[in-house]
Amino acid sequence: MLATIQVRHEEALIRDLQQEMRGPVIPPGHPQYDSLRQVWNASVDRYPAVILRCTGAADVVRAVNYARSQDLLLSVRGGGHDMAGRGVCEGGVMIDLSLMKGIQVSPGERRVTAQSGLTWGEFDHETQAFALATTGAKVSNTGIAGVTLGGGYGWLMRRYGLTIDNLISASLVTAEGQIVKASENENEDLFWGIRGGAGNFGIVTSLQYKLHPVGPVLLSGIALYPAERGAEILHFFREWMASAPDELMSLVAFRAAPPAPFVPPELRGKPVTVVLLCYAGPVSEGQKAIAPLRSLGAPLIDRIGPMPYLAVQRLLDAAGTPGYQVAVRSNHLPSLSEGAIDTMVDYAGRMTSSHSVMLVVPLGGAIARVGELETAFSHRQAAFDYSVYTLWSEQSDSEHHLRWTEDLGSAMRSYSAGVYINQIGDEGTERVREGYSPAAWLRLRQLKAKYDPSNIFRMNHNIPPN
Ligand SMILES: Cc1cc2nc3c(=O)[nH]c(=O)nc-3n(C[C@H](O)[C@H](O)[C@H](O)COP(=O)(O)OP(=O)(O)OC[C@H]3O[C@@H](n4cnc5c(N)ncnc54)[C@H](O)[C@@H]3O)c2cc1C
């Protein structure tokens, strides 16, 4: 009897919600429920009590008020690419922003205002219509808000800074269900916190960014080298990046050669060392900047040449295909030390899955010219990041993939200092804390106590209130 009353009560609440929201309310059993609760990391299989598909700030206010009044766990999903699937919660309210795709480019002012349900592919599509862009993630179906709130790495970051360095303002819905704006002139403390402090302070509904003239054609692409040249290439890469112009962004990847049409069948699935690059300037200058790479001799496959920026932004899409079990380890590296190089090359030679990828990414350039406490993203002086994404299909195989990933993470610890929070899996508060300097962490905790003292927004890289 009690259970029946409970179900009736919940049905009534859902009916009320549907009347008060413009977007669809999706309870369990709805035909779209199962597809909507999926996230990039397929090992995450959570069942929210309800999925609220918001169409704008008013829906988000209603959704937050509903979760708070019912004392329900709340999660926020934009592009669904969180490493640990924090966009979906068990038994709570999943706030799905993916219908919020409004975008307005102001080419004269070189600005864009974008709703938080957009992916980077959609965002770039609109800004490139004016040959403009800002730093955005390198896989096109990641969400603009999730990437921005953690910092935002991309091909343009050495030239134009992290995504947050291009953020002008944001609109948020707070834990109390208030709509507020954050910028250099309004709620400045909040504006500082959302630039690196993740989704801890509210649900961002729209973001305004600076844009820059980019492309539409840039020098970019990939070159595949034999796996045995991994250490040599990392040594070269260390020197090359130390003196590279800001326009040049490159990264080294260890992975199996993909089953792409340009890869000969006999090479597919074999381990290779890959150099990827993008020159954010004229193609002719880019050719000069990559001359040192040519001194390494001919690669197995050379796919470097002029290409549309929109294609550059999809170079890594195949490597980021959703639907795999995932384990992640990553850290900033103060330098690319001999120990770090030897460790990465050793583990790359023993990868447990042909779907996995290990990346070495340089920072520097415009990123390093912003002060450590100017935004909540602290580790501006890191020289490189390493990250490994172990991807596999069968849950029953998990143990040895997880062990390899954890062992690599442990082996890299002594060469590491700090971490980019958007590259953390489900690793606990101590790991989140490593994303920040002690001063930034203290300030973030105070800000959390001000804007979300009850920690309603906790399905994220959580910063506990002070
Ligand atoms: C394949 C792949 C490629 C990636 N490439 C890059 C890259 O090139 N550069 C880079 O910097 N990062 C990259 N990342 C990491 C990425 O920044 C994070 O995974 C980020 O959280 C993804 O955002 P999302 O909206 O897609 O994810 P979601 O899972 O939807 O969101 C992640 C979390 O962000 C918070 N959040 C999302 N939207 C909002 C919002 N509107 N308001 C408040 N909080 C919100 C929530 O806490 C949510 O749990 C990549 C990740 C993957 C899986």
# chains A, B, ... in the order shown; residues from 1 in each chain; ligands from 1
>>> select_by_dssp(residues="range 224-285 of chain A", states="strand (DSSP E or B)", output="number ranges by chain")
A: 224-226, 248-256, 271-279
>>> write_last_selection(atoms="C-alpha atoms", output="PDB file, in the first residue's frame")
ATOM      1  CA  LEU A 224      53.196   7.716 -38.111  1.00  0.00           C
ATOM      2  CA  TYR A 225      56.631   6.412 -37.086  1.00  0.00           C
ATOM      3  CA  PRO A 226      57.731   2.925 -36.046  1.00  0.00           C
ATOM      4  CA  LEU A 248      52.855  25.506 -33.231  1.00  0.00           C
ATOM      5  CA  MET A 249      50.998  22.896 -31.213  1.00  0.00           C
ATOM      6  CA  SER A 250      52.048  19.296 -31.488  1.00  0.00           C
ATOM      7  CA  LEU A 251      51.584  16.128 -29.505  1.00  0.00           C
ATOM      8  CA  VAL A 252      52.993  12.627 -29.459  1.00  0.00           C
ATOM      9  CA  ALA A 253      50.706   9.614 -29.230  1.00  0.00           C
ATOM     10  CA  PHE A 254      51.480   5.963 -28.621  1.00  0.00           C
ATOM     11  CA  ARG A 255      48.799   3.695 -29.973  1.00  0.00           C
ATOM     12  CA  ALA A 256      48.042   0.932 -32.462  1.00  0.00           C
ATOM     13  CA  PRO A 271      51.994  -0.269 -32.319  1.00  0.00           C
ATOM     14  CA  VAL A 272      53.210   3.051 -33.733  1.00  0.00           C
ATOM     15  CA  THR A 273      54.481   6.396 -32.486  1.00  0.00           C
ATOM     16  CA  VAL A 274      52.387   9.238 -33.872  1.00  0.00           C
ATOM     17  CA  VAL A 275      53.185  12.937 -34.144  1.00  0.00           C
ATOM     18  CA  LEU A 276      50.129  15.180 -34.539  1.00  0.00           C
ATOM     19  CA  LEU A 277      50.422  18.900 -35.123  1.00  0.00           C
ATOM     20  CA  CYS A 278      48.618  22.088 -36.007  1.00  0.00           C
ATOM     21  CA  TYR A 279      50.118  25.466 -36.908  1.00  0.00           C
TER      22      TYR A 279
END
>>> residues_around(residues="Leu211 in chain A", least_positions_apart="2", cutoff="9 Å", atoms="only C-alpha atoms", output="ChimeraX atom specification")
/A:107,109-112,127,132-135,166,209,213-214
>>> write_last_selection(atoms="all heavy atoms", output="compact mmCIF listing (two decimals), in the first residue's frame")
# COMPACT_ATOMS: atom_id res chain seq x y z
N PRO A 107 30.58 38.65 -35.48
CA PRO A 107 31.90 38.69 -36.12
C PRO A 107 32.61 40.03 -35.96
O PRO A 107 33.83 40.06 -35.78
CB PRO A 107 31.61 38.38 -37.59
CG PRO A 107 30.13 38.50 -37.77
CD PRO A 107 29.50 38.38 -36.43
N GLU A 109 32.57 42.10 -33.46
CA GLU A 109 33.18 42.21 -32.13
C GLU A 109 34.10 41.03 -31.81
O GLU A 109 34.71 40.98 -30.76
CB GLU A 109 32.08 42.22 -31.06
CG GLU A 109 31.16 43.41 -31.10
CD GLU A 109 29.98 43.18 -30.17
OE1 GLU A 109 30.09 43.49 -28.98
OE2 GLU A 109 28.96 42.66 -30.65
N ARG A 110 34.12 40.06 -32.74
CA ARG A 110 34.87 38.82 -32.50
C ARG A 110 34.47 38.19 -31.16
O ARG A 110 35.30 37.93 -30.29
CB ARG A 110 36.37 39.05 -32.56
CG ARG A 110 36.81 39.38 -33.97
CD ARG A 110 38.29 39.24 -34.14
NE ARG A 110 38.69 39.58 -35.48
CZ ARG A 110 39.88 40.03 -35.82
NH1 ARG A 110 40.81 40.17 -34.92
NH2 ARG A 110 40.17 40.30 -37.08
N ARG A 111 33.16 37.98 -31.02
CA ARG A 111 32.63 37.34 -29.81
C ARG A 111 31.58 36.33 -30.21
O ARG A 111 30.98 36.45 -31.28
CB ARG A 111 31.93 38.36 -28.93
CG ARG A 111 32.87 39.27 -28.22
CD ARG A 111 32.14 40.24 -27.36
NE ARG A 111 33.14 41.03 -26.65
CZ ARG A 111 32.94 41.63 -25.50
NH1 ARG A 111 31.77 41.57 -24.91
NH2 ARG A 111 33.89 42.32 -24.92
N VAL A 112 31.33 35.37 -29.33
CA VAL A 112 30.24 34.43 -29.56
C VAL A 112 29.55 34.14 -28.23
O VAL A 112 30.22 34.04 -27.19
CB VAL A 112 30.75 33.12 -30.21
CG1 VAL A 112 31.81 32.44 -29.36
CG2 VAL A 112 29.62 32.13 -30.48
N THR A 127 31.27 29.18 -35.77
CA THR A 127 32.27 30.25 -35.75
C THR A 127 33.13 30.23 -37.02
O THR A 127 33.56 31.28 -37.51
CB THR A 127 33.19 30.17 -34.50
OG1 THR A 127 33.86 28.92 -34.51
CG2 THR A 127 32.39 30.30 -33.22
N LEU A 132 36.46 32.27 -37.83
CA LEU A 132 36.83 32.61 -36.46
C LEU A 132 36.82 31.34 -35.61
O LEU A 132 36.15 30.36 -35.96
CB LEU A 132 35.84 33.62 -35.87
CG LEU A 132 35.78 35.00 -36.55
CD1 LEU A 132 34.59 35.80 -36.02
CD2 LEU A 132 37.08 35.78 -36.33
N ALA A 133 37.54 31.37 -34.51
CA ALA A 133 37.53 30.23 -33.59
C ALA A 133 38.08 30.66 -32.25
O ALA A 133 38.69 31.73 -32.13
CB ALA A 133 38.38 29.08 -34.14
N THR A 134 37.86 29.83 -31.24
CA THR A 134 38.56 29.98 -29.96
C THR A 134 39.07 28.61 -29.57
O THR A 134 38.68 27.59 -30.16
CB THR A 134 37.64 30.61 -28.89
OG1 THR A 134 38.45 31.18 -27.88
CG2 THR A 134 36.67 29.61 -28.27
N THR A 135 39.95 28.57 -28.57
CA THR A 135 40.49 27.27 -28.16
C THR A 135 39.36 26.35 -27.71
O THR A 135 38.60 26.70 -26.81
CB THR A 135 41.49 27.45 -26.99
OG1 THR A 135 42.46 28.40 -27.38
CG2 THR A 135 42.14 26.13 -26.62
N ASN A 166 39.77 32.67 -22.79
CA ASN A 166 38.96 33.35 -23.81
C ASN A 166 37.52 33.55 -23.37
O ASN A 166 36.69 34.01 -24.15
CB ASN A 166 39.01 32.51 -25.10
CG ASN A 166 40.42 32.49 -25.67
OD1 ASN A 166 40.86 33.47 -26.25
ND2 ASN A 166 41.14 31.40 -25.46
N TYR A 209 32.47 33.96 -25.37
CA TYR A 209 33.91 33.80 -25.60
C TYR A 209 34.43 34.84 -26.59
O TYR A 209 33.70 35.27 -27.48
CB TYR A 209 34.23 32.45 -26.24
CG TYR A 209 33.79 31.22 -25.51
CD1 TYR A 209 32.56 30.63 -25.79
CD2 TYR A 209 34.63 30.59 -24.58
CE1 TYR A 209 32.17 29.46 -25.17
CE2 TYR A 209 34.23 29.41 -23.95
CZ TYR A 209 33.01 28.86 -24.24
OH TYR A 209 32.61 27.69 -23.62
N PRO A 213 40.75 35.23 -35.57
CA PRO A 213 40.77 34.75 -36.96
C PRO A 213 41.58 33.44 -37.04
O PRO A 213 42.73 33.42 -36.61
CB PRO A 213 41.51 35.87 -37.71
CG PRO A 213 41.54 37.04 -36.77
CD PRO A 213 41.46 36.49 -35.39
N VAL A 214 40.97 32.39 -37.51
CA VAL A 214 41.65 31.08 -37.59
C VAL A 214 41.26 30.42 -38.91
O VAL A 214 40.08 30.22 -39.19
CB VAL A 214 41.24 30.15 -36.43
CG1 VAL A 214 41.80 28.75 -36.63
CG2 VAL A 214 41.72 30.71 -35.09
>>> residues_near_ligand(ligand="ligand 1", cutoff="6 Å", atoms="only C-alpha atoms and all ligand atoms", output="mmCIF file with C-alpha atoms, in the first residue's frame")
data_model
loop_
_atom_site.group_PDB
_atom_site.id
_atom_site.type_symbol
_atom_site.label_atom_id
_atom_site.label_comp_id
_atom_site.auth_asym_id
_atom_site.auth_seq_id
_atom_site.Cartn_x
_atom_site.Cartn_y
_atom_site.Cartn_z
ATOM 1 C CA VAL A 76 24.593 17.666 -15.060
ATOM 2 C CA ARG A 77 25.156 16.325 -18.544
ATOM 3 C CA GLY A 78 26.430 18.425 -21.411
ATOM 4 C CA GLY A 79 28.434 16.420 -23.948
ATOM 5 C CA GLY A 80 28.598 13.331 -21.691
ATOM 6 C CA HIS A 81 32.397 12.949 -22.009
ATOM 7 C CA ASP A 82 33.377 13.037 -18.351
ATOM 8 C CA MET A 83 35.977 10.302 -17.786
ATOM 9 C CA GLY A 85 30.532 9.463 -16.344
ATOM 10 C CA ARG A 86 29.593 12.083 -13.757
ATOM 11 C CA GLY A 87 26.892 13.415 -16.097
ATOM 12 C CA SER A 116 25.937 25.042 -22.792
ATOM 13 C CA ALA A 137 38.653 20.508 -27.342
ATOM 14 C CA LYS A 138 40.258 18.226 -29.922
ATOM 15 C CA VAL A 139 37.379 15.736 -30.100
ATOM 16 C CA THR A 142 32.862 16.816 -26.240
ATOM 17 C CA GLY A 143 30.641 19.438 -24.594
ATOM 18 C CA ILE A 144 31.684 23.109 -24.539
ATOM 19 C CA ALA A 145 30.719 23.715 -20.890
ATOM 20 C CA GLY A 146 32.340 20.646 -19.315
ATOM 21 C CA VAL A 147 35.579 21.331 -21.190
ATOM 22 C CA GLY A 152 40.048 23.705 -21.869
ATOM 23 C CA TYR A 153 42.937 22.240 -23.872
ATOM 24 C CA GLY A 154 42.980 22.407 -27.658
ATOM 25 C CA GLY A 199 30.832 22.513 -12.217
ATOM 26 C CA GLY A 202 26.253 26.310 -10.465
ATOM 27 C CA ILE A 203 24.885 25.077 -13.765
ATOM 28 C CA VAL A 204 26.174 27.163 -16.630
ATOM 29 C CA THR A 205 23.473 27.885 -19.188
ATOM 30 C CA GLY A 320 37.600 9.138 -28.873
ATOM 31 C CA ASN A 422 39.290 17.265 -16.776
ATOM 32 C CA GLN A 423 41.574 14.257 -17.134
ATOM 33 C CA MET A 459 28.555 14.879 -9.135
ATOM 34 C CA ASN A 460 31.677 16.596 -10.458
#
>>> closest_residue(among="A:Ala129, A:Pro258, A:Val370, A:Ile341", to="Phe237 in chain A", atoms="only C-alpha atoms")
A:Ile341
>>> closest_residue(among="A:Ile463, A:Thr429, A:Glu20, A:Phe457", to="Ser75 in chain A", atoms="only C-alpha atoms")
A:Phe457
>>> atom_distance(atom1="CA of Pro292 in chain A", atom2="CA of Met412 in chain A")
28.3 Å
>>> residues_around(residues="Ala318 in chain A", least_positions_apart="6", cutoff="12 Å", atoms="only C-alpha atoms", output="list in words")
Lys138, Val139, Ser140, Asn141, Ala257, Pro258, Pro259, Ala260, His355, Ser356 and Val357 of chain A
>>> closest_residue(among="A:Ile301, A:Ser353, A:Val263, A:Leu444", to="Leu402 in chain A", atoms="only C-alpha atoms")
A:Ser353
>>> residues_around(residues="Val88 in chain A", least_positions_apart="2", cutoff="12 Å", atoms="only C-alpha atoms", output="ChimeraX atom specification")
/A:33-42,44-52,73-86,90-97,458-460
>>> closest_residue(among="A:Asp452, A:Ser416, A:Ala223, A:Leu391", to="Arg294 in chain A", atoms="only C-alpha atoms")
A:Ala223
>>> select_by_dssp(residues="range 33-209 of chain A", states="helix (DSSP H, G or I)", output="PyMOL selection string")
chain A and resi 33-36+57-69+120-130+144-150+157-160+163-166+188-194+198-200
>>> residues_around(residues="Asp189 in chain A", least_positions_apart="3", cutoff="8 Å", atoms="only C-alpha atoms", output="list in words")
Trp192, Gly193 and Leu447 of chain A
>>> write_last_selection(atoms="C-alpha atoms", output="PDB file, in the first residue's frame")
ATOM      1  CA  TRP A 192      37.435  33.369 -11.073  1.00  0.00           C
ATOM      2  CA  GLY A 193      36.103  30.040  -9.736  1.00  0.00           C
ATOM      3  CA  LEU A 447      33.727  29.994  -2.837  1.00  0.00           C
TER       4      LEU A 447
END
>>> residues_around(residues="Arg159 in chain A", least_positions_apart="3", cutoff="8 Å", atoms="only C-alpha atoms", output="list in words")
Leu156, Asp246, Glu247, Leu248, Ala280, Gly365 and Ala366 of chain A
>>> atom_distance(atom1="CA of Pro28 in chain A", atom2="CA of Cys89 in chain A")
13.1 Å
>>> closest_residue(among="A:Ala170, A:Val312, A:Ile233, A:Leu359", to="Ser295 in chain A", atoms="only C-alpha atoms")
A:Ile233
>>> atom_distance(atom1="CA of Ala417 in chain A", atom2="CA of Val345 in chain A")
19.6 Å
